[in-house]
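Here is the file final.txt (compact mmCIF, C-alpha atoms (C1' of nucleotides)).
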```txt
# COMPACT_ATOMS: atom_id res chain seq x y z
CA MET A 1 24.49 -38.87 -44.73
CA ARG A 2 26.04 -38.89 -41.30
CA SER A 3 29.53 -37.47 -40.95
CA ASP A 4 31.13 -40.79 -40.02
CA ALA A 5 29.51 -42.32 -43.10
CA THR A 6 31.07 -39.68 -45.31
CA ARG A 7 34.44 -40.18 -43.69
CA ASN A 8 34.28 -43.93 -44.13
CA ARG A 9 33.21 -43.65 -47.74
CA GLU A 10 36.27 -41.58 -48.46
CA ALA A 11 38.52 -43.92 -46.49
CA ILE A 12 37.30 -46.87 -48.53
CA LEU A 13 37.88 -45.16 -51.86
CA ARG A 14 41.39 -44.08 -50.83
CA ALA A 15 42.19 -47.56 -49.52
CA THR A 16 41.06 -49.07 -52.79
CA GLU A 17 43.35 -46.75 -54.70
CA GLU A 18 46.25 -47.65 -52.47
CA LEU A 19 45.72 -51.35 -52.91
CA LEU A 20 45.38 -50.94 -56.67
CA ALA A 21 48.61 -48.99 -56.77
CA ALA A 22 50.40 -51.49 -54.56
CA HIS A 23 49.18 -54.80 -55.97
CA GLY A 24 47.65 -54.10 -59.35
CA ALA A 25 44.17 -55.32 -60.07
CA GLU A 26 44.81 -58.79 -58.63
CA HIS A 27 43.99 -60.06 -55.20
CA ILE A 28 41.97 -57.02 -54.23
CA SER A 29 39.37 -58.74 -52.10
CA LEU A 30 36.79 -56.63 -50.37
CA ASP A 31 37.96 -57.97 -47.02
CA ARG A 32 41.35 -56.48 -47.77
CA VAL A 33 39.89 -53.18 -48.84
CA ALA A 34 37.80 -52.95 -45.71
CA ALA A 35 40.77 -53.84 -43.53
CA ALA A 36 43.00 -51.30 -45.26
CA ALA A 37 40.34 -48.65 -44.80
CA GLY A 38 40.05 -49.51 -41.11
CA VAL A 39 36.40 -50.27 -41.59
CA GLY A 40 34.09 -53.25 -41.31
CA LYS A 41 33.02 -55.17 -44.36
CA GLY A 42 29.41 -54.35 -43.69
CA THR A 43 30.22 -50.69 -44.01
CA LEU A 44 31.77 -51.22 -47.38
CA PHE A 45 28.71 -53.02 -48.67
CA ARG A 46 26.37 -50.52 -47.12
CA ARG A 47 28.13 -47.72 -49.03
CA PHE A 48 28.77 -49.35 -52.39
CA GLY A 49 26.35 -52.24 -52.62
CA SER A 50 28.80 -54.61 -54.27
CA ARG A 51 32.26 -54.98 -55.69
CA THR A 52 30.93 -53.63 -58.97
CA GLY A 53 29.54 -50.53 -57.29
CA LEU A 54 32.83 -49.79 -55.60
CA PHE A 55 34.86 -49.81 -58.81
CA GLN A 56 32.18 -47.99 -60.74
CA GLU A 57 32.21 -45.17 -58.24
CA LEU A 58 35.97 -45.00 -58.19
CA LEU A 59 36.09 -44.84 -61.97
CA ALA A 60 33.38 -42.20 -62.03
CA GLU A 61 35.45 -40.12 -59.65
CA ARG A 62 38.56 -40.41 -61.79
CA ALA A 63 36.58 -39.63 -64.93
CA ALA A 64 34.71 -36.65 -63.50
CA ALA A 65 37.09 -34.02 -64.86
CA LEU A 66 36.83 -35.45 -68.35
CA ALA A 67 33.05 -35.64 -68.12
CA LEU A 68 33.01 -31.96 -67.26
CA ALA A 69 35.45 -31.05 -70.02
CA ILE A 70 33.36 -32.56 -72.80
CA GLU A 71 30.40 -30.45 -71.75
CA THR A 72 32.26 -27.20 -71.35
CA PRO A 73 32.70 -25.05 -74.46
CA GLY A 74 36.04 -23.46 -75.12
CA SER A 75 38.45 -26.29 -75.86
CA ALA A 76 38.88 -28.86 -78.60
CA LEU A 77 36.99 -31.25 -76.33
CA GLY A 78 33.94 -29.13 -75.75
CA PRO A 79 30.84 -28.26 -77.71
CA GLY A 80 31.53 -25.88 -80.56
CA ALA A 81 34.67 -27.52 -81.87
CA PRO A 82 34.44 -29.65 -85.04
CA PRO A 83 33.41 -33.24 -84.23
CA GLU A 84 36.59 -34.74 -85.70
CA ASP A 85 38.67 -32.61 -83.37
CA ARG A 86 36.44 -33.30 -80.42
CA LEU A 87 36.74 -37.00 -81.05
CA THR A 88 40.50 -36.95 -81.35
CA ALA A 89 40.86 -34.78 -78.28
CA PHE A 90 38.51 -37.01 -76.30
CA LEU A 91 40.35 -40.17 -77.28
CA ASP A 92 43.66 -38.54 -76.37
CA GLU A 93 42.31 -37.73 -72.93
CA LEU A 94 41.04 -41.26 -72.56
CA CYS A 95 44.54 -42.53 -73.36
CA GLU A 96 45.94 -40.37 -70.60
CA LEU A 97 43.25 -41.54 -68.23
CA ALA A 98 43.97 -45.16 -69.10
CA GLU A 99 47.66 -44.71 -68.55
CA ARG A 100 47.21 -43.12 -65.16
CA ASN A 101 44.58 -45.66 -64.10
CA LEU A 102 45.49 -48.91 -65.75
CA ALA A 103 45.01 -50.98 -62.63
CA LEU A 104 41.64 -49.37 -61.96
CA PHE A 105 40.55 -49.99 -65.54
CA ALA A 106 41.49 -53.63 -65.18
CA ALA A 107 39.75 -54.07 -61.84
CA HIS A 108 36.69 -52.24 -63.13
CA GLU A 109 36.48 -54.47 -66.18
CA ARG A 110 36.63 -57.57 -64.06
CA ALA A 111 34.08 -56.32 -61.59
CA CYS A 112 31.67 -55.14 -64.28
CA ALA A 113 32.12 -58.10 -66.58
CA GLU A 114 28.41 -58.68 -66.32
CA ASP A 115 26.51 -55.86 -67.97
CA LYS A 116 29.54 -53.75 -68.75
CA TYR A 117 27.24 -51.75 -70.97
CA ARG A 118 25.28 -50.54 -68.00
CA ASP A 119 28.15 -48.76 -66.30
CA PRO A 120 27.27 -45.05 -66.16
CA THR A 121 30.75 -43.89 -67.07
CA TYR A 122 30.99 -46.20 -70.06
CA LEU A 123 27.51 -45.20 -71.16
CA ARG A 124 28.50 -41.54 -71.11
CA TRP A 125 31.61 -42.20 -73.12
CA HIS A 126 29.74 -44.33 -75.59
CA ALA A 127 26.98 -41.80 -76.13
CA HIS A 128 29.57 -39.09 -76.65
CA VAL A 129 31.61 -41.06 -79.18
CA THR A 130 28.50 -42.24 -81.01
CA ALA A 131 27.27 -38.68 -81.36
CA LEU A 132 30.63 -37.45 -82.59
CA ILE A 133 30.95 -40.19 -85.18
CA ALA A 134 27.43 -39.58 -86.39
CA ALA A 135 28.08 -35.84 -86.56
CA ALA A 136 31.39 -36.19 -88.33
CA ARG A 137 30.15 -38.60 -90.96
CA PRO A 138 26.39 -38.51 -91.21
CA GLU A 139 26.53 -39.97 -94.71
CA GLY A 140 28.83 -42.87 -93.85
CA GLY A 141 27.58 -46.42 -94.19
CA LEU A 142 28.86 -46.98 -90.67
CA ASP A 143 26.87 -48.14 -87.67
CA ALA A 144 27.91 -45.32 -85.34
CA GLU A 145 26.89 -47.09 -82.15
CA PHE A 146 28.77 -50.17 -83.09
CA ALA A 147 31.81 -48.24 -84.24
CA ALA A 148 31.83 -46.40 -80.92
CA HIS A 149 31.91 -49.68 -79.02
CA ALA A 150 34.75 -50.89 -81.19
CA LEU A 151 36.68 -47.68 -80.71
CA LEU A 152 36.20 -47.76 -76.96
CA GLY A 153 37.33 -51.35 -77.03
CA SER A 154 40.80 -49.88 -77.49
CA PHE A 155 40.76 -49.03 -73.81
CA ASP A 156 40.40 -52.58 -72.67
CA ALA A 157 43.01 -52.71 -69.94
CA ASP A 158 44.85 -55.71 -71.32
CA LEU A 159 45.03 -54.27 -74.80
CA ALA A 160 46.12 -50.87 -73.57
CA ARG A 161 48.78 -52.41 -71.36
CA HIS A 162 50.00 -54.54 -74.21
CA VAL A 163 50.31 -51.56 -76.55
CA MET A 164 51.84 -49.26 -73.96
CA ALA A 165 54.36 -51.89 -72.91
CA ASP A 166 56.08 -51.15 -76.19
CA GLY A 167 55.92 -47.44 -76.84
CA GLY A 168 54.08 -45.97 -73.88
CA VAL A 169 51.07 -43.67 -74.09
CA ALA A 170 52.45 -42.16 -77.24
CA ARG A 171 52.01 -45.43 -79.11
CA LEU A 172 48.54 -45.95 -77.68
CA LYS A 173 47.53 -42.45 -78.68
CA SER A 174 48.78 -42.82 -82.21
CA ALA A 175 47.23 -46.27 -82.62
CA VAL A 176 43.85 -45.07 -81.40
CA ARG A 177 44.08 -41.92 -83.45
CA GLY A 178 44.96 -43.94 -86.53
CA LEU A 179 41.95 -46.14 -85.92
CA ALA A 180 39.61 -43.21 -85.47
CA GLU A 181 40.85 -41.41 -88.54
CA ALA A 182 40.64 -44.53 -90.65
CA LEU A 183 37.08 -45.05 -89.45
CA LEU A 184 35.98 -41.55 -90.30
CA GLU A 185 37.75 -41.50 -93.63
CA GLY A 186 36.52 -44.93 -94.61
CA ALA A 187 33.00 -44.14 -93.64
CA ALA A 188 33.06 -41.05 -95.80
CA THR A 189 33.69 -43.03 -98.95
CA PRO A 190 32.12 -46.45 -98.44
CA ARG A 191 33.66 -49.18 -100.53
CA THR A 192 31.31 -50.54 -103.14
CA ARG A 193 30.15 -54.06 -102.57
CA ARG A 194 31.30 -56.48 -105.21
CA MET B 1 45.87 -91.91 -73.29
CA ARG B 2 43.86 -94.72 -71.76
CA SER B 3 40.47 -95.46 -73.22
CA ASP B 4 38.56 -94.44 -70.09
CA ALA B 5 40.45 -91.15 -70.09
CA THR B 6 39.40 -90.47 -73.67
CA ARG B 7 35.82 -91.32 -72.88
CA ASN B 8 35.76 -89.06 -69.83
CA ARG B 9 37.32 -86.21 -71.72
CA GLU B 10 34.56 -86.39 -74.27
CA ALA B 11 31.89 -86.71 -71.59
CA ILE B 12 33.16 -83.56 -69.90
CA LEU B 13 33.16 -81.54 -73.10
CA ARG B 14 29.66 -82.68 -73.98
CA ALA B 15 28.40 -81.98 -70.46
CA THR B 16 29.87 -78.48 -70.64
CA GLU B 17 28.04 -77.84 -73.89
CA GLU B 18 24.80 -79.06 -72.41
CA LEU B 19 25.11 -76.83 -69.38
CA LEU B 20 26.00 -73.85 -71.56
CA ALA B 21 22.98 -74.51 -73.72
CA ALA B 22 20.73 -74.98 -70.72
CA HIS B 23 21.88 -72.18 -68.41
CA GLY B 24 23.90 -69.77 -70.48
CA ALA B 25 27.36 -68.79 -69.31
CA GLU B 26 26.25 -68.22 -65.73
CA HIS B 27 26.45 -70.59 -62.82
CA ILE B 28 28.55 -73.13 -64.67
CA SER B 29 30.69 -74.29 -61.78
CA LEU B 30 33.15 -77.06 -62.38
CA ASP B 31 31.42 -79.15 -59.73
CA ARG B 32 28.31 -79.01 -61.83
CA VAL B 33 30.15 -79.89 -65.00
CA ALA B 34 31.81 -82.85 -63.35
CA ALA B 35 28.52 -84.05 -61.91
CA ALA B 36 26.74 -83.66 -65.25
CA ALA B 37 29.51 -85.62 -66.94
CA GLY B 38 29.23 -88.38 -64.33
CA VAL B 39 32.84 -87.88 -63.41
CA GLY B 40 34.85 -86.80 -60.39
CA LYS B 41 36.16 -83.27 -60.12
CA GLY B 42 39.71 -84.55 -60.02
CA THR B 43 39.23 -86.07 -63.44
CA LEU B 44 38.11 -82.79 -64.86
CA PHE B 45 41.16 -81.01 -63.54
CA ARG B 46 43.48 -83.80 -64.63
CA ARG B 47 42.20 -83.43 -68.19
CA PHE B 48 41.92 -79.67 -68.53
CA GLY B 49 44.12 -78.19 -65.86
CA SER B 50 41.74 -75.41 -64.96
CA ARG B 51 38.51 -73.69 -65.80
CA THR B 52 40.37 -71.68 -68.40
CA GLY B 53 41.75 -74.81 -70.05
CA LEU B 54 38.32 -76.37 -70.30
CA PHE B 55 36.78 -73.45 -72.15
CA GLN B 56 39.83 -72.94 -74.30
CA GLU B 57 39.66 -76.51 -75.50
CA LEU B 58 35.96 -76.34 -76.13
CA LEU B 59 36.38 -73.16 -78.15
CA ALA B 60 39.28 -74.68 -80.07
CA GLU B 61 37.07 -77.62 -80.95
CA ARG B 62 34.29 -75.38 -82.20
CA ALA B 63 36.74 -73.26 -84.15
CA ALA B 64 38.62 -76.14 -85.73
CA ALA B 65 36.68 -76.13 -88.99
CA LEU B 66 37.30 -72.43 -89.47
CA ALA B 67 40.99 -72.85 -88.67
CA LEU B 68 41.20 -75.46 -91.38
CA ALA B 69 39.25 -73.38 -93.87
CA ILE B 70 41.56 -70.39 -93.68
CA GLU B 71 44.50 -72.60 -94.56
CA THR B 72 42.87 -74.46 -97.40
CA PRO B 73 43.02 -72.85 -100.85
CA GLY B 74 39.93 -72.85 -103.00
CA SER B 75 37.44 -70.57 -101.26
CA ALA B 76 37.19 -66.86 -100.48
CA LEU B 77 38.57 -67.75 -97.04
CA GLY B 78 41.66 -69.57 -98.16
CA PRO B 79 45.07 -68.59 -99.47
CA GLY B 80 44.97 -67.33 -103.03
CA ALA B 81 41.91 -65.10 -102.69
CA PRO B 82 42.41 -61.33 -102.41
CA PRO B 83 43.05 -60.26 -98.81
CA GLU B 84 40.00 -57.99 -98.68
CA ASP B 85 37.77 -60.90 -99.63
CA ARG B 86 39.53 -63.25 -97.26
CA LEU B 87 39.03 -60.79 -94.43
CA THR B 88 35.36 -60.26 -95.15
CA ALA B 89 34.75 -63.97 -95.52
CA PHE B 90 36.62 -64.70 -92.32
CA LEU B 91 34.69 -62.11 -90.35
CA ASP B 92 31.43 -63.45 -91.73
CA GLU B 93 32.34 -66.91 -90.54
CA LEU B 94 33.27 -65.53 -87.16
CA CYS B 95 29.84 -63.92 -86.94
CA GLU B 96 28.24 -67.28 -87.62
CA LEU B 97 30.48 -68.92 -85.06
CA ALA B 98 29.61 -66.26 -82.51
CA GLU B 99 25.91 -66.68 -83.12
CA ARG B 100 26.03 -70.43 -82.72
CA ASN B 101 28.26 -70.24 -79.66
CA LEU B 102 27.34 -67.09 -77.81
CA ALA B 103 27.23 -68.76 -74.43
CA LEU B 104 30.57 -70.42 -75.01
CA PHE B 105 32.11 -67.13 -76.12
CA ALA B 106 30.85 -65.50 -72.94
CA ALA B 107 32.07 -68.27 -70.67
CA HIS B 108 35.39 -68.35 -72.45
CA GLU B 109 35.86 -64.61 -72.01
CA ARG B 110 35.17 -64.85 -68.34
CA ALA B 111 37.45 -67.81 -67.83
CA CYS B 112 40.28 -66.31 -69.86
CA ALA B 113 39.93 -62.78 -68.55
CA GLU B 114 43.50 -62.96 -67.41
CA ASP B 115 45.84 -63.18 -70.39
CA LYS B 116 43.13 -63.34 -72.99
CA TYR B 117 45.86 -62.64 -75.49
CA ARG B 118 47.46 -65.97 -74.78
CA ASP B 119 44.54 -68.11 -75.85
CA PRO B 120 45.67 -70.19 -78.84
CA THR B 121 42.44 -69.72 -80.77
CA TYR B 122 42.46 -65.97 -80.29
CA LEU B 123 46.12 -65.81 -81.24
CA ARG B 124 45.43 -67.65 -84.47
CA TRP B 125 42.58 -65.34 -85.33
CA HIS B 126 44.60 -62.29 -84.49
CA ALA B 127 47.60 -63.35 -86.53
CA HIS B 128 45.31 -64.06 -89.46
CA VAL B 129 43.52 -60.73 -89.34
CA THR B 130 46.73 -58.80 -88.80
CA ALA B 131 48.28 -60.44 -91.86
CA LEU B 132 45.23 -59.73 -93.98
CA ILE B 133 45.06 -56.09 -92.97
CA ALA B 134 48.75 -55.65 -93.62
CA ALA B 135 48.42 -57.36 -96.99
CA ALA B 136 45.36 -55.40 -98.03
CA ARG B 137 46.77 -52.02 -97.10
CA PRO B 138 50.54 -52.18 -96.81
CA GLU B 139 50.76 -48.43 -97.31
CA GLY B 140 48.17 -47.51 -94.70
CA GLY B 141 49.14 -45.50 -91.68
CA LEU B 142 47.36 -48.09 -89.60
CA ASP B 143 48.82 -50.23 -86.84
CA ALA B 144 47.69 -53.57 -88.25
CA GLU B 145 48.12 -55.48 -85.00
CA PHE B 146 46.14 -52.96 -83.08
CA ALA B 147 43.44 -52.71 -85.72
CA ALA B 148 43.12 -56.49 -85.66
CA HIS B 149 42.53 -56.44 -81.91
CA ALA B 150 39.92 -53.73 -82.34
CA LEU B 151 38.20 -55.63 -85.13
CA LEU B 152 38.16 -58.84 -83.13
CA GLY B 153 36.77 -56.87 -80.22
CA SER B 154 33.52 -56.95 -82.19
CA PHE B 155 33.12 -60.53 -81.08
CA ASP B 156 33.03 -59.72 -77.44
CA ALA B 157 30.08 -61.79 -76.32
CA ASP B 158 28.21 -58.92 -74.71
CA LEU B 159 28.63 -56.66 -77.69
CA ALA B 160 27.65 -59.37 -80.14
CA ARG B 161 24.61 -60.27 -78.09
CA HIS B 162 23.61 -56.63 -77.86
CA VAL B 163 23.86 -56.14 -81.59
CA MET B 164 22.19 -59.40 -82.49
CA ALA B 165 19.36 -58.77 -80.09
CA ASP B 166 18.16 -56.18 -82.57
CA GLY B 167 18.71 -57.53 -86.05
CA GLY B 168 20.23 -60.96 -85.60
CA VAL B 169 23.40 -62.20 -87.25
CA ALA B 170 22.60 -60.16 -90.31
CA ARG B 171 23.05 -56.93 -88.38
CA LEU B 172 26.22 -58.16 -86.72
CA LYS B 173 27.62 -59.16 -90.08
CA SER B 174 26.86 -55.86 -91.70
CA ALA B 175 28.17 -53.87 -88.74
CA VAL B 176 31.43 -55.80 -88.69
CA ARG B 177 31.74 -55.63 -92.44
CA GLY B 178 31.13 -51.89 -92.37
CA LEU B 179 33.84 -51.53 -89.76
CA ALA B 180 36.32 -53.60 -91.73
CA GLU B 181 35.66 -51.79 -94.95
CA ALA B 182 35.90 -48.41 -93.29
CA LEU B 183 39.21 -49.46 -91.79
CA LEU B 184 40.69 -50.61 -95.05
CA GLU B 185 39.40 -47.64 -97.00
CA GLY B 186 40.48 -45.16 -94.41
CA ALA B 187 43.89 -46.67 -94.07
CA ALA B 188 44.39 -46.37 -97.79
CA THR B 189 44.03 -42.60 -97.75
CA PRO B 190 45.27 -41.39 -94.38
CA ARG B 191 43.79 -38.11 -93.32
CA THR B 192 46.32 -35.29 -93.20
CA ARG B 193 47.05 -33.99 -89.73
CA ARG B 194 46.07 -30.38 -89.21
C1' DT C 1 22.95 -29.60 -22.36
C1' DC C 2 21.10 -33.92 -22.92
C1' DA C 3 17.95 -37.67 -24.24
C1' DG C 4 16.43 -40.78 -27.47
C1' DG C 5 15.44 -42.24 -32.03
C1' DA C 6 17.61 -42.71 -36.45
C1' DT C 7 21.50 -43.88 -38.78
C1' DG C 8 25.40 -46.42 -39.31
C1' DC C 9 28.97 -49.86 -37.79
C1' DG C 10 31.55 -54.29 -37.74
C1' DG C 11 32.82 -58.79 -38.02
C1' DA C 12 31.12 -63.39 -37.49
C1' DC C 13 28.65 -66.22 -40.60
C1' DT C 14 26.91 -68.48 -44.95
C1' DG C 15 27.17 -70.60 -49.28
C1' DC C 16 29.88 -71.36 -53.07
C1' DC C 17 33.78 -72.14 -55.91
C1' DG C 18 38.34 -73.27 -58.00
C1' DG C 19 41.83 -76.18 -57.20
C1' DT C 20 44.53 -80.06 -54.55
C1' DC C 21 45.45 -84.61 -52.70
C1' DC C 22 45.84 -89.34 -52.12
C1' DG C 23 44.10 -94.02 -51.39
C1' DC C 24 41.78 -96.95 -54.50
C1' DT C 25 40.42 -98.77 -59.23
C1' DT C 26 40.96 -99.85 -63.91
C1' DC C 27 43.52 -100.59 -68.00
C1' DG C 28 46.27 -103.04 -71.14
C1' DA C 29 50.99 -104.62 -72.31
C1' DT C 30 53.37 -108.76 -71.72
C1' DA D 1 46.71 -114.05 -65.45
C1' DT D 2 49.77 -110.57 -63.67
C1' DC D 3 51.33 -106.23 -62.31
C1' DG D 4 52.90 -101.64 -62.81
C1' DA D 5 51.33 -97.52 -64.74
C1' DA D 6 47.69 -94.51 -65.62
C1' DG D 7 43.61 -92.73 -64.16
C1' DC D 8 39.73 -91.95 -60.91
C1' DG D 9 36.80 -89.50 -57.44
C1' DG D 10 35.25 -86.96 -53.86
C1' DA D 11 36.57 -85.19 -49.38
C1' DC D 12 39.08 -81.33 -48.27
C1' DC D 13 41.22 -76.55 -48.24
C1' DG D 14 41.63 -71.61 -48.55
C1' DG D 15 39.44 -67.74 -50.00
C1' DC D 16 35.80 -64.73 -51.49
C1' DA D 17 31.28 -61.94 -52.17
C1' DG D 18 27.62 -60.78 -49.81
C1' DT D 19 24.27 -60.96 -45.37
C1' DC D 20 22.73 -60.07 -40.76
C1' DC D 21 21.89 -58.13 -36.42
C1' DG D 22 23.22 -56.62 -31.79
C1' DC D 23 25.69 -52.57 -30.51
C1' DA D 24 27.84 -47.81 -31.01
C1' DT D 25 27.65 -43.28 -32.76
C1' DC D 26 25.58 -39.24 -34.35
C1' DC D 27 22.69 -35.23 -34.21
C1' DT D 28 18.24 -33.07 -33.64
C1' DG D 29 14.80 -30.89 -30.97
C1' DA D 30 13.69 -29.14 -26.76
```
Encoded form (structure tokens):
Amino acid sequence: MRSDATRNREAILRATEELLAAHGAEHISLDRVAAAAGVGKGTLFRRFGSRTGLFQELLAERAAALALAIETPGSALGPGAPPEDRLTAFLDELCELAERNLALFAAHERACAEDKYRDPTYLRWHAHVTALIAAARPEGGLDAEFAAHALLGSFDADLARHVMADGGVARLKSAVRGLAEALLEGAATPRTRR
Amino acid sequence: MRSDATRNREAILRATEELLAAHGAEHISLDRVAAAAGVGKGTLFRRFGSRTGLFQELLAERAAALALAIETPGSALGPGAPPEDRLTAFLDELCELAERNLALFAAHERACAEDKYRDPTYLRWHAHVTALIAAARPEGGLDAEFAAHALLGSFDADLARHVMADGGVARLKSAVRGLAEALLEGAATPRTRR
DNA sequence: TCAGGATGCGGACTGCCGGTCCGCTTCGAT
DNA sequence: ATCGAAGCGGACCGGCAGTCCGCATCCTGA
């Protein structure tokens, strides 16, 4: 990649962040982003392919640290720790990420409304959570993949905003944690069908 | 309302259904709907206010029978039955509704992406599920409102389609049921924090 | 250093869409 | 039959995602 291309790529990402911070997820047209980055629209599309691509890449950037953490042994997040702890720690981190990036989450959701299940970041999260649920409760009568989707549904931007509006991240964390614990507990002792 | 207004209203709703059935949730522009209904665009907007209003009304129509059922005593759905049974029965019905109206669910989601928590039908469902969870497990350490959102997240059109693609409604039903039961069980015996 | 091909740039342009507007038509109460 | 109110329709507007191509910039090889 040519040096000006690299520079422009960065300028576009930073401009997107600025606009998100300034105006929320609304009214962020790609014309605006390009203008704010001091770049032509063609450049934006050349780099990111589409609106979807832009927000996917921005999210991937913001989620990179977390992606690394879940692969690095040595913390409650990483390999080696008990799956229940890894799950809780991961969800806590996701709460923090959601709080710091609410506008990005919202914009990303909108942009990826089509095939949201093909976003690389979401796929990574989903695979991770599925594996942890399956590891924590292999005997449960729970569909781990499905449960993982449901759990990650907690980070829908509107839902998260709604919950945090009254209680902040703390409330979101405890609500998500409650959900996760209930899931794992419940799965361990499936209710008998009547 | 004048008789021609009533007739047009109906024509628009039926045309929307036809287009949803024929083309899925994609490419349903309001111009197309109006044309298919044999009506001017102005008429459509006069009746429904916006794209959002159109899909909200169509969903409300499709959900009317269920709304009635949950208020009518005499079945597992209605008042009088144990909350666990009411919840399971309600979720089962929602699965059926989702199967029969996948395209509508998808279009509705898109159209109501903003303030999805202000849609009357969703609000009714959410209030119902919240009340049932609270009734079934008053002692649980679970945030009933939040859990209800998570549970209803199962009916996200993309998720439902994904699950039903491999196993049909039966799989969706059992996955949702498993989730609900796990939630209620888990909430009954909250895991001790370490 | 410099020349020239490869890479990238930018913004005018296209097609589409949600929503508005207003002169004209139709309805139905009297 | 009359007439005001209610409703109609489609041209019109502003805005947006994505395309295209003539021109500028980069950087490599000599």
Once 4 Å is added on each side, what centre and edge lengths in Å to one decimal does the axis-aligned box around all listed atoms of segment 5-22 of chain A have, as JSON?
```
{"center_x": 40.0, "center_y": -45.6, "center_z": -49.9, "size_x": 28.9, "size_y": 19.8, "size_z": 21.7}
```
Inset, instruction - Tell me the residues of chain D close to chain B, meaning within 8 Å using only C-alpha atoms (C1' of nucleotides), as a list in words. - result: DA6, DG7, DC8, DG9 and DG10 of chain D
Give me, as CSV, the closest atom pair and its distance (Å, one decimal) for every residue of chain A within a cut-off of 7 Å of chain B, counting all atoms listed in the file, rows sorted by chain and rising number.
```
residue,atom,partner,partner_atom,distance
A:Gly141,CA,B:Gly178,CA,6.8
A:Leu142,CA,B:Gly178,CA,5.7
A:Asp143,CA,B:Ala175,CA,6.0
A:Phe146,CA,B:Ala175,CA,6.8
A:Ala147,CA,B:Leu179,CA,6.7
A:Ala150,CA,B:Ala150,CA,6.0
A:Gly153,CA,B:Ala150,CA,6.4
A:Ser154,CA,B:Ala150,CA,6.3
A:Ala175,CA,B:Asp143,CA,6.0
A:Gly178,CA,B:Leu142,CA,5.7
A:Leu179,CA,B:Ala147,CA,6.7
A:Glu181,CA,B:Arg191,CA,6.5
A:Ala182,CA,B:Gly186,CA,3.8
A:Leu183,CA,B:Ala182,CA,5.2
A:Glu185,CA,B:Gly186,CA,4.6
A:Gly186,CA,B:Ala182,CA,3.8
A:Ala187,CA,B:Ala182,CA,5.2
A:Pro190,CA,B:Ala182,CA,6.7
A:Arg191,CA,B:Glu181,CA,6.5
```
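For chain C, the residues having at least one atom no farther than 10 Å from chain B, when counting all atoms listed in the file, are DC16, DC17, DG18, DG19, DT20, DC21, DT26, DC27 and DG28 of chain C.
One distance worth recording is that between atom CA of His23 of chain A and atom CA of Asp119 of chain A, which is 24.2 Å.
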Inset, instruction - For atom CA of Leu97 of chain B and atom CA of Ala157 of chain A, determine how far apart the two atoms are, in Å to one decimal place. - result: 25.5 Å
Legend entry - Gap from atom CA of Ala21 of chain B to atom CA of Arg100 of chain B - Å, one decimal: 10.3 Å
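Of the listed residues A:Arg47, A:His27, A:Arg32, A:Arg161, the one whose atoms come nearest to DC9 of chain C is A:Arg47, with distances taken using only C-alpha atoms (C1' of nucleotides).
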Inset, instruction - Name all residues at most 12 Å from DC20 of chain D (count all atoms listed in the file; drop same-chain ones fewer than 2 positions away) and give them as a VMD selection string. - result: (chain A and resid 41 to 42) or (chain C and resid 10 to 14) or (chain D and resid 18 22)
Any chance you could export the current selection's C-alpha atoms (C1' of nucleotides) as a PDB file, keeping the file's coordinate frame?
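Written output follows (part32.pdb):
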```pdb
ATOM      1  CA  LYS A  41      33.020 -55.170 -44.360  1.00  0.00           C
ATOM      2  CA  GLY A  42      29.410 -54.350 -43.690  1.00  0.00           C
TER       3      GLY A  42
ATOM      4  C1'  DG C  10      31.550 -54.290 -37.740  1.00  0.00           C
ATOM      5  C1'  DG C  11      32.820 -58.790 -38.020  1.00  0.00           C
ATOM      6  C1'  DA C  12      31.120 -63.390 -37.490  1.00  0.00           C
ATOM      7  C1'  DC C  13      28.650 -66.220 -40.600  1.00  0.00           C
ATOM      8  C1'  DT C  14      26.910 -68.480 -44.950  1.00  0.00           C
TER       9       DT C  14
ATOM     10  C1'  DG D  18      27.620 -60.780 -49.810  1.00  0.00           C
ATOM     11  C1'  DG D  22      23.220 -56.620 -31.790  1.00  0.00           C
TER      12       DG D  22
END
```
Inset, instruction - Fewer than 5 positions away in the same chain doesn't count, so skip those; otherwise give me all residues within 9 Å of Leu87 of chain B, counting only C-alpha atoms (C1' of nucleotides), as a PyMOL selection string. - result: chain B and resi 76-77+82+92+128-129+132-133+180
Could segment 50-55 of chain B be completed with N, CA and C atoms and written as a short mmCIF file (atom, residue, chain, number, x, y, z; two decimals), in the coordinates of the input, please?
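Result written to rebuild-v7.cif:
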```
data_model
loop_
_atom_site.label_atom_id
_atom_site.label_comp_id
_atom_site.auth_asym_id
_atom_site.auth_seq_id
_atom_site.Cartn_x
_atom_site.Cartn_y
_atom_site.Cartn_z
N SER B 50 42.41 -76.51 -65.64
CA SER B 50 41.74 -75.41 -64.96
C SER B 50 40.48 -75.07 -65.73
N ARG B 51 39.72 -74.20 -65.14
CA ARG B 51 38.51 -73.69 -65.80
C ARG B 51 38.87 -73.12 -67.17
N THR B 52 39.90 -72.30 -67.17
CA THR B 52 40.37 -71.68 -68.40
C THR B 52 40.65 -72.74 -69.48
N GLY B 53 41.40 -73.77 -69.09
CA GLY B 53 41.75 -74.81 -70.05
C GLY B 53 40.52 -75.48 -70.65
N LEU B 54 39.53 -75.72 -69.82
CA LEU B 54 38.32 -76.37 -70.30
C LEU B 54 37.67 -75.56 -71.41
N PHE B 55 37.47 -74.26 -71.15
CA PHE B 55 36.78 -73.45 -72.15
C PHE B 55 37.65 -73.18 -73.36
#
```
